[in-house]
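What follows is upload-v2.cif (mmCIF, C-alpha atoms).
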data_query
loop_
_atom_site.group_PDB
_atom_site.id
_atom_site.type_symbol
_atom_site.label_atom_id
_atom_site.label_comp_id
_atom_site.auth_asym_id
_atom_site.auth_seq_id
_atom_site.Cartn_x
_atom_site.Cartn_y
_atom_site.Cartn_z
ATOM 1 C CA MET R 11 -1.297 15.449 -24.645
ATOM 2 C CA LYS R 12 -1.426 14.433 -20.989
ATOM 3 C CA ASN R 13 0.418 16.662 -18.561
ATOM 4 C CA SER R 14 2.982 15.293 -16.101
ATOM 5 C CA ASN R 15 0.640 15.632 -13.109
ATOM 6 C CA SER R 16 -1.987 13.521 -14.857
ATOM 7 C CA LEU R 17 0.558 10.842 -15.756
ATOM 8 C CA ARG R 18 1.924 10.699 -12.205
ATOM 9 C CA ARG R 19 -1.590 10.505 -10.809
ATOM 10 C CA GLN R 20 -2.528 7.670 -13.163
ATOM 11 C CA ASP R 21 0.617 5.771 -12.206
ATOM 12 C CA HIS R 22 -0.357 6.254 -8.568
ATOM 13 C CA ILE R 23 -3.855 4.918 -9.278
ATOM 14 C CA MET R 24 -2.325 1.781 -10.792
ATOM 15 C CA GLN R 25 -0.065 1.361 -7.768
ATOM 16 C CA LEU R 26 -3.021 1.641 -5.386
ATOM 17 C CA LEU R 27 -5.027 -0.881 -7.413
ATOM 18 C CA ALA R 28 -2.060 -3.252 -7.386
ATOM 19 C CA GLN R 29 -2.382 -3.295 -3.602
ATOM 20 C CA ASP R 30 -6.169 -3.306 -3.147
ATOM 21 C CA HIS R 31 -7.404 -4.572 -6.585
ATOM 22 C CA CYS R 32 -10.736 -2.714 -6.286
ATOM 23 C CA LEU R 33 -11.409 0.771 -4.884
ATOM 24 C CA SER R 34 -14.314 3.177 -4.894
ATOM 25 C CA ILE R 35 -13.912 6.329 -6.943
ATOM 26 C CA ASN R 36 -14.640 8.465 -3.882
ATOM 27 C CA HIS R 37 -11.926 6.665 -1.907
ATOM 28 C CA LEU R 38 -9.429 7.135 -4.717
ATOM 29 C CA ALA R 39 -10.237 10.841 -4.876
ATOM 30 C CA ALA R 40 -9.665 11.148 -1.120
ATOM 31 C CA LEU R 41 -6.383 9.213 -1.252
ATOM 32 C CA LEU R 42 -5.042 11.410 -4.049
ATOM 33 C CA ASP R 43 -6.607 14.611 -2.686
ATOM 34 C CA VAL R 44 -8.314 15.526 -5.965
ATOM 35 C CA SER R 45 -11.912 15.916 -7.103
ATOM 36 C CA GLY R 46 -14.099 13.034 -8.179
ATOM 37 C CA TRP R 47 -14.250 14.615 -11.636
ATOM 38 C CA THR R 48 -10.439 14.513 -11.932
ATOM 39 C CA ILE R 49 -10.360 10.845 -10.900
ATOM 40 C CA ARG R 50 -13.109 9.943 -13.380
ATOM 41 C CA ARG R 51 -11.221 11.670 -16.180
ATOM 42 C CA ASP R 52 -8.074 9.700 -15.303
ATOM 43 C CA LEU R 53 -10.053 6.449 -15.157
ATOM 44 C CA VAL R 54 -11.571 7.073 -18.592
ATOM 45 C CA GLN R 55 -8.038 7.370 -19.997
ATOM 46 C CA LEU R 56 -6.827 4.262 -18.153
ATOM 47 C CA GLU R 57 -9.884 2.307 -19.300
ATOM 48 C CA ALA R 58 -9.214 3.361 -22.884
ATOM 49 C CA ARG R 59 -5.813 1.697 -22.513
ATOM 50 C CA ASN R 60 -7.504 -1.469 -21.179
ATOM 51 C CA LEU R 61 -5.769 -1.096 -17.817
ATOM 52 C CA VAL R 62 -8.833 -0.738 -15.550
ATOM 53 C CA LEU R 63 -12.534 -1.575 -15.458
ATOM 54 C CA ARG R 64 -15.150 0.806 -14.021
ATOM 55 C CA SER R 65 -18.500 -0.229 -12.558
ATOM 56 C CA HIS R 66 -21.040 1.327 -10.143
ATOM 57 C CA GLY R 67 -18.747 3.956 -8.625
ATOM 58 C CA ALA R 68 -15.773 1.605 -8.280
ATOM 59 C CA VAL R 69 -12.741 0.644 -10.314
ATOM 60 C CA GLU R 70 -10.565 -2.450 -10.535
ATOM 61 C CA LEU R 71 -7.609 -3.637 -12.532
ATOM 62 C CA ALA R 72 -8.414 -5.134 -15.905
ATOM 63 C CA GLY R 73 -8.229 -8.889 -15.737
ATOM 64 C CA SER R 74 -5.191 -9.635 -17.905
ATOM 65 C CA GLU R 75 -1.994 -10.906 -16.313
ATOM 66 C CA GLU R 76 -0.021 -8.313 -18.276
ATOM 67 C CA VAL R 77 -1.950 -5.481 -16.601
ATOM 68 C CA ARG R 78 -1.428 -6.935 -13.145
ATOM 69 C CA GLN R 79 2.287 -7.331 -13.802
ATOM 70 C CA TYR R 80 2.442 -3.736 -15.034
ATOM 71 C CA ALA R 81 0.715 -2.443 -11.888
ATOM 72 C CA GLN R 82 2.964 -4.509 -9.637
ATOM 73 C CA SER R 83 6.028 -3.249 -11.502
ATOM 74 C CA MET R 84 4.887 0.347 -10.954
ATOM 75 C CA GLN R 85 4.448 -0.400 -7.247
ATOM 76 C CA ARG R 86 7.955 -1.859 -6.979
ATOM 77 C CA GLN R 87 9.415 1.212 -8.690
ATOM 78 C CA GLU R 88 7.525 3.504 -6.307
ATOM 79 C CA ASN R 89 8.672 1.491 -3.284
ATOM 80 C CA ARG R 90 12.266 1.665 -4.484
ATOM 81 C CA ALA R 91 12.031 5.447 -4.982
ATOM 82 C CA ILE R 92 10.568 5.894 -1.504
ATOM 83 C CA MET R 93 13.316 3.774 0.061
ATOM 84 C CA VAL R 94 15.982 5.856 -1.675
ATOM 85 C CA ALA R 95 14.309 9.108 -0.591
ATOM 86 C CA LYS R 96 14.076 7.977 3.035
ATOM 87 C CA ALA R 97 17.704 6.865 3.057
ATOM 88 C CA ARG R 98 18.794 10.269 1.734
ATOM 89 C CA ILE R 99 16.655 12.075 4.289
ATOM 90 C CA GLY R 100 17.995 9.937 7.131
ATOM 91 C CA ALA R 101 21.604 10.481 6.088
ATOM 92 C CA ARG R 102 21.130 14.243 5.802
ATOM 93 C CA ALA R 103 19.462 14.404 9.216
ATOM 94 C CA ALA R 104 22.324 12.419 10.738
ATOM 95 C CA ASP R 105 24.757 15.024 9.400
ATOM 96 C CA LEU R 106 22.925 17.666 11.468
ATOM 97 C CA LEU R 107 23.650 15.878 14.755
ATOM 98 C CA GLN R 108 26.774 17.034 16.555
ATOM 99 C CA ASP R 109 29.085 15.025 18.778
ATOM 100 C CA HIS R 110 27.941 14.426 22.387
ATOM 101 C CA THR R 111 24.312 15.298 21.626
ATOM 102 C CA GLN R 112 21.376 13.878 23.579
ATOM 103 C CA VAL R 113 18.785 12.777 21.025
ATOM 104 C CA ALA R 114 15.159 11.682 21.287
ATOM 105 C CA MET R 115 14.428 9.580 18.203
ATOM 106 C CA GLY R 116 10.816 8.705 17.435
ATOM 107 C CA ALA R 117 9.747 5.431 15.876
ATOM 108 C CA GLY R 118 9.278 5.374 12.118
ATOM 109 C CA SER R 119 10.757 4.176 8.842
ATOM 110 C CA THR R 120 12.522 7.467 8.016
ATOM 111 C CA THR R 121 13.950 7.817 11.529
ATOM 112 C CA LEU R 122 15.176 4.228 11.159
ATOM 113 C CA ALA R 123 17.088 5.432 8.093
ATOM 114 C CA CYS R 124 18.587 8.172 10.276
ATOM 115 C CA ALA R 125 19.586 5.571 12.881
ATOM 116 C CA ARG R 126 21.376 3.561 10.205
ATOM 117 C CA ALA R 127 23.240 6.694 9.148
ATOM 118 C CA ILE R 128 24.365 7.699 12.655
ATOM 119 C CA LYS R 129 25.559 4.134 13.123
ATOM 120 C CA GLN R 130 28.085 4.824 10.346
ATOM 121 C CA ASN R 131 28.940 8.426 11.332
ATOM 122 C CA HIS R 132 30.935 7.514 14.468
ATOM 123 C CA CYS R 133 29.488 10.526 16.260
ATOM 124 C CA GLU R 134 29.116 9.939 20.016
ATOM 125 C CA LEU R 135 25.443 10.319 20.912
ATOM 126 C CA VAL R 136 22.967 9.494 23.633
ATOM 127 C CA VAL R 137 19.813 8.203 21.908
ATOM 128 C CA MET R 138 16.481 7.502 23.583
ATOM 129 C CA THR R 139 13.935 5.873 21.291
ATOM 130 C CA ASN R 140 10.510 4.265 21.331
ATOM 131 C CA GLY R 141 11.284 2.454 18.056
ATOM 132 C CA LEU R 142 11.927 -1.266 18.445
ATOM 133 C CA ASP R 143 13.664 -1.557 15.078
ATOM 134 C CA ILE R 144 15.755 1.534 15.847
ATOM 135 C CA ALA R 145 16.793 -0.026 19.165
ATOM 136 C CA ILE R 146 17.818 -3.235 17.395
ATOM 137 C CA GLU R 147 19.765 -1.229 14.811
ATOM 138 C CA LEU R 148 21.729 0.709 17.449
ATOM 139 C CA THR R 149 22.225 -2.040 20.031
ATOM 140 C CA GLY R 150 25.910 -2.678 20.613
ATOM 141 C CA VAL R 151 27.150 0.308 18.596
ATOM 142 C CA PRO R 152 30.171 1.561 20.613
ATOM 143 C CA HIS R 153 29.659 5.302 20.041
ATOM 144 C CA ILE R 154 25.902 5.224 20.800
ATOM 145 C CA ASN R 155 24.590 5.257 24.376
ATOM 146 C CA LEU R 156 21.186 3.687 23.676
ATOM 147 C CA ILE R 157 18.158 4.017 25.966
ATOM 148 C CA CYS R 158 14.747 2.475 25.216
ATOM 149 C CA THR R 159 11.630 4.088 26.590
ATOM 150 C CA GLY R 160 9.942 0.826 27.468
ATOM 151 C CA GLY R 161 6.178 0.573 27.166
ATOM 152 C CA ALA R 162 3.554 -1.426 25.313
ATOM 153 C CA ALA R 163 5.034 -3.023 22.188
ATOM 154 C CA HIS R 164 3.149 -2.867 18.893
ATOM 155 C CA GLY R 165 4.591 -5.409 16.479
ATOM 156 C CA ASP R 166 2.869 -4.008 13.392
ATOM 157 C CA PHE R 167 4.592 -0.643 13.772
ATOM 158 C CA PHE R 168 7.625 -1.547 15.938
ATOM 159 C CA THR R 169 6.663 1.097 18.485
ATOM 160 C CA LEU R 170 6.709 1.367 22.275
ATOM 161 C CA THR R 171 3.850 3.483 23.600
ATOM 162 C CA GLY R 172 1.611 3.971 26.616
ATOM 163 C CA PRO R 173 2.152 5.224 30.200
ATOM 164 C CA VAL R 174 5.598 3.656 30.670
ATOM 165 C CA ALA R 175 6.945 5.215 27.475
ATOM 166 C CA LYS R 176 5.387 8.574 28.331
ATOM 167 C CA ARG R 177 6.968 8.593 31.797
ATOM 168 C CA ALA R 178 10.379 7.854 30.311
ATOM 169 C CA ILE R 179 10.152 10.777 27.893
ATOM 170 C CA LYS R 180 8.704 13.174 30.463
ATOM 171 C CA SER R 181 11.598 12.541 32.847
ATOM 172 C CA HIS R 182 14.314 13.392 30.299
ATOM 173 C CA TYR R 183 15.334 16.497 28.380
ATOM 174 C CA PHE R 184 17.039 16.405 25.012
ATOM 175 C CA ASP R 185 19.261 18.568 22.863
ATOM 176 C CA VAL R 186 17.480 17.342 19.724
ATOM 177 C CA ALA R 187 14.289 15.475 18.864
ATOM 178 C CA VAL R 188 14.256 13.623 15.542
ATOM 179 C CA VAL R 189 10.733 12.636 14.557
ATOM 180 C CA GLY R 190 9.078 11.279 11.458
ATOM 181 C CA VAL R 191 5.687 12.642 10.437
ATOM 182 C CA SER R 192 2.845 11.462 8.195
ATOM 183 C CA GLY R 193 1.514 14.884 7.268
ATOM 184 C CA ILE R 194 2.581 18.538 7.170
ATOM 185 C CA SER R 195 -0.075 21.201 6.716
ATOM 186 C CA PRO R 196 -0.129 24.988 7.240
ATOM 187 C CA ASP R 197 -3.324 24.714 9.293
ATOM 188 C CA ALA R 198 -3.005 21.328 11.015
ATOM 189 C CA GLY R 199 0.768 21.420 11.517
ATOM 190 C CA LEU R 200 2.514 18.077 11.949
ATOM 191 C CA THR R 201 0.314 14.983 12.094
ATOM 192 C CA ALA R 202 0.732 11.213 12.397
ATOM 193 C CA ASP R 203 -1.359 8.137 11.607
ATOM 194 C CA SER R 204 -1.200 6.622 15.112
ATOM 195 C CA HIS R 205 -2.544 8.573 18.091
ATOM 196 C CA LEU R 206 -0.554 6.295 20.436
ATOM 197 C CA ASN R 207 2.752 7.070 18.762
ATOM 198 C CA ALA R 208 1.741 10.728 18.393
ATOM 199 C CA GLU R 209 1.542 11.051 22.188
ATOM 200 C CA ILE R 210 5.185 9.968 22.467
ATOM 201 C CA LEU R 211 6.431 12.145 19.616
ATOM 202 C CA GLU R 212 4.608 15.167 21.041
ATOM 203 C CA LEU R 213 6.427 14.711 24.354
ATOM 204 C CA MET R 214 9.767 14.362 22.576
ATOM 205 C CA ILE R 215 9.115 17.648 20.786
ATOM 206 C CA GLN R 216 8.116 19.391 24.014
ATOM 207 C CA ASN R 217 11.232 18.209 25.878
ATOM 208 C CA ALA R 218 13.771 19.025 23.161
ATOM 209 C CA GLN R 219 15.629 22.289 22.553
ATOM 210 C CA TRP R 220 15.813 21.681 18.801
ATOM 211 C CA VAL R 221 13.360 19.692 16.670
ATOM 212 C CA ILE R 222 14.114 17.989 13.362
ATOM 213 C CA ALA R 223 11.147 16.548 11.454
ATOM 214 C CA LEU R 224 11.779 14.014 8.687
ATOM 215 C CA ALA R 225 9.296 13.815 5.807
ATOM 216 C CA ASP R 226 9.445 12.802 2.161
ATOM 217 C CA HIS R 227 7.728 15.093 -0.335
ATOM 218 C CA ARG R 228 4.442 13.121 -0.253
ATOM 219 C CA LYS R 229 3.772 14.349 3.287
ATOM 220 C CA PHE R 230 3.460 18.047 2.354
ATOM 221 C CA GLY R 231 -0.148 19.198 2.321
ATOM 222 C CA ARG R 232 -1.429 16.043 4.006
ATOM 223 C CA VAL R 233 -3.387 15.911 7.273
ATOM 224 C CA ARG R 234 -3.439 12.635 9.158
ATOM 225 C CA PHE R 235 -5.301 11.358 12.213
ATOM 226 C CA ALA R 236 -3.335 12.643 15.219
ATOM 227 C CA LYS R 237 -1.696 16.024 15.740
ATOM 228 C CA LEU R 238 1.913 16.233 16.945
ATOM 229 C CA ALA R 239 2.744 19.923 16.896
ATOM 230 C CA ASP R 240 2.253 23.244 15.174
ATOM 231 C CA LEU R 241 4.686 24.269 12.451
ATOM 232 C CA CYS R 242 6.234 26.843 14.781
ATOM 233 C CA ASP R 243 7.268 24.031 17.165
ATOM 234 C CA VAL R 244 9.684 22.643 14.544
ATOM 235 C CA ASP R 245 13.119 24.048 13.738
ATOM 236 C CA VAL R 246 14.095 22.007 10.675
ATOM 237 C CA ILE R 247 12.306 19.783 8.173
ATOM 238 C CA VAL R 248 14.538 17.421 6.196
ATOM 239 C CA THR R 249 12.926 16.237 2.966
ATOM 240 C CA ASP R 250 13.827 14.898 -0.469
ATOM 241 C CA CYS R 251 12.178 17.617 -2.591
ATOM 242 C CA ALA R 252 11.460 21.264 -1.919
ATOM 243 C CA PRO R 253 7.790 21.922 -1.063
ATOM 244 C CA GLU R 254 5.428 23.841 -3.333
ATOM 245 C CA PRO R 255 5.645 27.666 -3.024
ATOM 246 C CA GLU R 256 2.534 28.024 -0.830
ATOM 247 C CA MET R 257 3.743 25.344 1.572
ATOM 248 C CA ALA R 258 7.270 26.798 1.548
ATOM 249 C CA ALA R 259 5.880 30.237 2.421
ATOM 250 C CA SER R 260 3.932 28.834 5.396
ATOM 251 C CA LEU R 261 7.032 27.059 6.672
ATOM 252 C CA ALA R 262 9.168 30.177 6.299
ATOM 253 C CA GLN R 263 6.559 32.281 8.089
ATOM 254 C CA SER R 264 6.620 29.777 10.971
ATOM 255 C CA GLY R 265 10.421 29.977 11.180
ATOM 256 C CA VAL R 266 11.022 26.444 9.864
ATOM 257 C CA GLU R 267 14.181 25.766 7.883
ATOM 258 C CA VAL R 268 13.763 23.294 5.021
ATOM 259 C CA VAL R 269 16.778 21.108 4.257
ATOM 260 C CA VAL R 270 16.594 19.161 0.995
ATOM 261 C CA ALA R 271 18.555 15.904 0.991
ATOM 262 C CA GLU R 272 20.416 15.470 -2.284
ATOM 263 C CA GLY R 273 23.155 13.194 -3.540
ATOM 264 C CA ASP R 274 23.769 9.669 -4.708
ATOM 265 C CA ASP R 275 21.348 6.838 -3.990
ATOM 266 C CA VAL R 276 21.890 5.235 -0.589
ATOM 267 C CA VAL R 277 19.942 2.271 0.678
#

Represent the structure of the file as structure tokens.
Amino acid sequence: MKNSNSLRRQDHIMQLLAQDHCLSINHLAALLDVSGWTIRRDLVQLEARNLVLRSHGAVELAGSEEVRQYAQSMQRQENRAIMVAKARIGARAADLLQDHTQVAMGAGSTTLACARAIKQNHCELVVMTNGLDIAIELTGVPHINLICTGGAAHGDFFTLTGPVAKRAIKSHYFDVAVVGVSGISPDAGLTADSHLNAEILELMIQNAQWVIALADHRKFGRVRFAKLADLCDVDVIVTDCAPEPEMAASLAQSGVEVVVAEGDDVV
């Protein structure tokens, strides 16, 4: 009988193939952070179910329309679960912000969820952000004093970065920094995919008295391209599921409080 980890991993493989259609086995192993042998074993089982085809170190979805629909359905379910998790995390982080707080809010999809929550909380805040979508969300909200960093706009990620944004952050000090991260590792600390956005988030962390990092459970154990901070630079991590014991021990040793967002679905 397959164990739950194997089933989840095989579902994830199908979701990845729904997006990219064909992937190398080595790339799949790197994406899922497992050995090539583990991936090959999963692919043998998926091939036996006529869901994938293997050839020359690569794998693709089997050609039937039913398989493609199945993979796309799995992807939609995963996207829905991620959206729910991020909404919960954002709402829980918003609850941690007190009235009349000066907040630096980094660009990102989970921090956007936090912005949507503080919009409904009626807590009076000063918010400086380098997130274009966050700025749009909070524009005109009576209880939010909104400040944009300015800077070079990146439409793919809705970020403001570069020298102008860095000067804006450097010249302000904050009660709280709320930042989203792409990876959390005992050795590498907090990391992000974009080095340009990482520069801004790093400054927010440095100029804040209290740092809240937002991360869904997939980010634990991952190391991404650009470093933001060490674990000891963070006060609280808000997530949707408690980390594995080894990760939890590293966070506790670094003095990081883990807050798990629970409750009804909110999107």

*asked:* Please return as an MDAnalysis selection string every residue within 12 Å of (11.5, 12.5, 31.7), taking into account only C-alpha atoms and the file's own coordinates.
replied: chainID R and resid 114 138 159 173:184 210 213:214 216:218

*Which of these, R:Cys32, R:Arg90, R:Arg98, R:Ala39, has the shortest distance to Val69 (chain R) once you count all atoms listed in the file?*
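Going through R:Cys32, R:Arg90, R:Arg98, R:Ala39 one by one, the smallest distance to Val69 (chain R) is for R:Cys32.
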
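By only C-alpha atoms, and with residues fewer than 4 positions from Val186 (chain R) along its chain excluded, the set lying at most 8 Å from it is Thr111, Gln112, Val113, Ala114, Ala218, Gln219, Trp220, Val221 and Ile222 of chain R.
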
_Assuming the chain letters and numbering stay as they are in my file, what does the PyMOL selection byres ((chain R and resi 171) around 6) actually select? List them as a list of chain:residue names._
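Selected by the PyMOL selection byres ((chain R and resi 171) around 6) in this file: R:Gly161, R:Ala162, R:Leu170, R:Gly172, R:Ala175.
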
*Nearest to Thr120 (chain R) among R:His205, R:Leu38, R:Lys96, R:Leu17, with distances taken over all atoms listed in the file: which residue is it?*
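For Thr120 (chain R), the nearest of the candidates is R:Lys96.
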
*Determine the nearest neighbour of His227 (chain R) from the options R:Ala95, R:Glu212, R:Gly118, R:Leu261, counting all atoms listed in the file.*
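Distance minimum relative to His227 (chain R) lands on R:Ala95.
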
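Note that CA of Val191 (chain R) and CA of Glu134 (chain R) are 25.5 Å apart.
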
*At what distance in Å, to one decimal, does CA of Glu209 (chain R) lie from CA of Pro196 (chain R)?*
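Result for CA of Pro196 (chain R) versus CA of Glu209 (chain R): 20.5 Å, one decimal.
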
Show me the residues around (26.3, 2.6, 23.1) - criterion: an atom at most 12 Å away, only C-alpha atoms counted - as a PDB file with C-alpha atoms, in the coordinates of the input.
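Dumped everything to out.pdb:
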ATOM      1  CA  HIS R 110      27.941  14.426  22.387  1.00  0.00           C
ATOM      2  CA  ILE R 128      24.365   7.699  12.655  1.00  0.00           C
ATOM      3  CA  LYS R 129      25.559   4.134  13.123  1.00  0.00           C
ATOM      4  CA  HIS R 132      30.935   7.514  14.468  1.00  0.00           C
ATOM      5  CA  CYS R 133      29.488  10.526  16.260  1.00  0.00           C
ATOM      6  CA  GLU R 134      29.116   9.939  20.016  1.00  0.00           C
ATOM      7  CA  LEU R 135      25.443  10.319  20.912  1.00  0.00           C
ATOM      8  CA  VAL R 136      22.967   9.494  23.633  1.00  0.00           C
ATOM      9  CA  VAL R 137      19.813   8.203  21.908  1.00  0.00           C
ATOM     10  CA  MET R 138      16.481   7.502  23.583  1.00  0.00           C
ATOM     11  CA  ALA R 145      16.793  -0.026  19.165  1.00  0.00           C
ATOM     12  CA  ILE R 146      17.818  -3.235  17.395  1.00  0.00           C
ATOM     13  CA  GLU R 147      19.765  -1.229  14.811  1.00  0.00           C
ATOM     14  CA  LEU R 148      21.729   0.709  17.449  1.00  0.00           C
ATOM     15  CA  THR R 149      22.225  -2.040  20.031  1.00  0.00           C
ATOM     16  CA  GLY R 150      25.910  -2.678  20.613  1.00  0.00           C
ATOM     17  CA  VAL R 151      27.150   0.308  18.596  1.00  0.00           C
ATOM     18  CA  PRO R 152      30.171   1.561  20.613  1.00  0.00           C
ATOM     19  CA  HIS R 153      29.659   5.302  20.041  1.00  0.00           C
ATOM     20  CA  ILE R 154      25.902   5.224  20.800  1.00  0.00           C
ATOM     21  CA  ASN R 155      24.590   5.257  24.376  1.00  0.00           C
ATOM     22  CA  LEU R 156      21.186   3.687  23.676  1.00  0.00           C
ATOM     23  CA  ILE R 157      18.158   4.017  25.966  1.00  0.00           C
ATOM     24  CA  CYS R 158      14.747   2.475  25.216  1.00  0.00           C
TER      25      CYS R 158
END

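Atom pair CA of Glu267 (chain R) / CA of Asn15 (chain R): separated by 27.0 Å.
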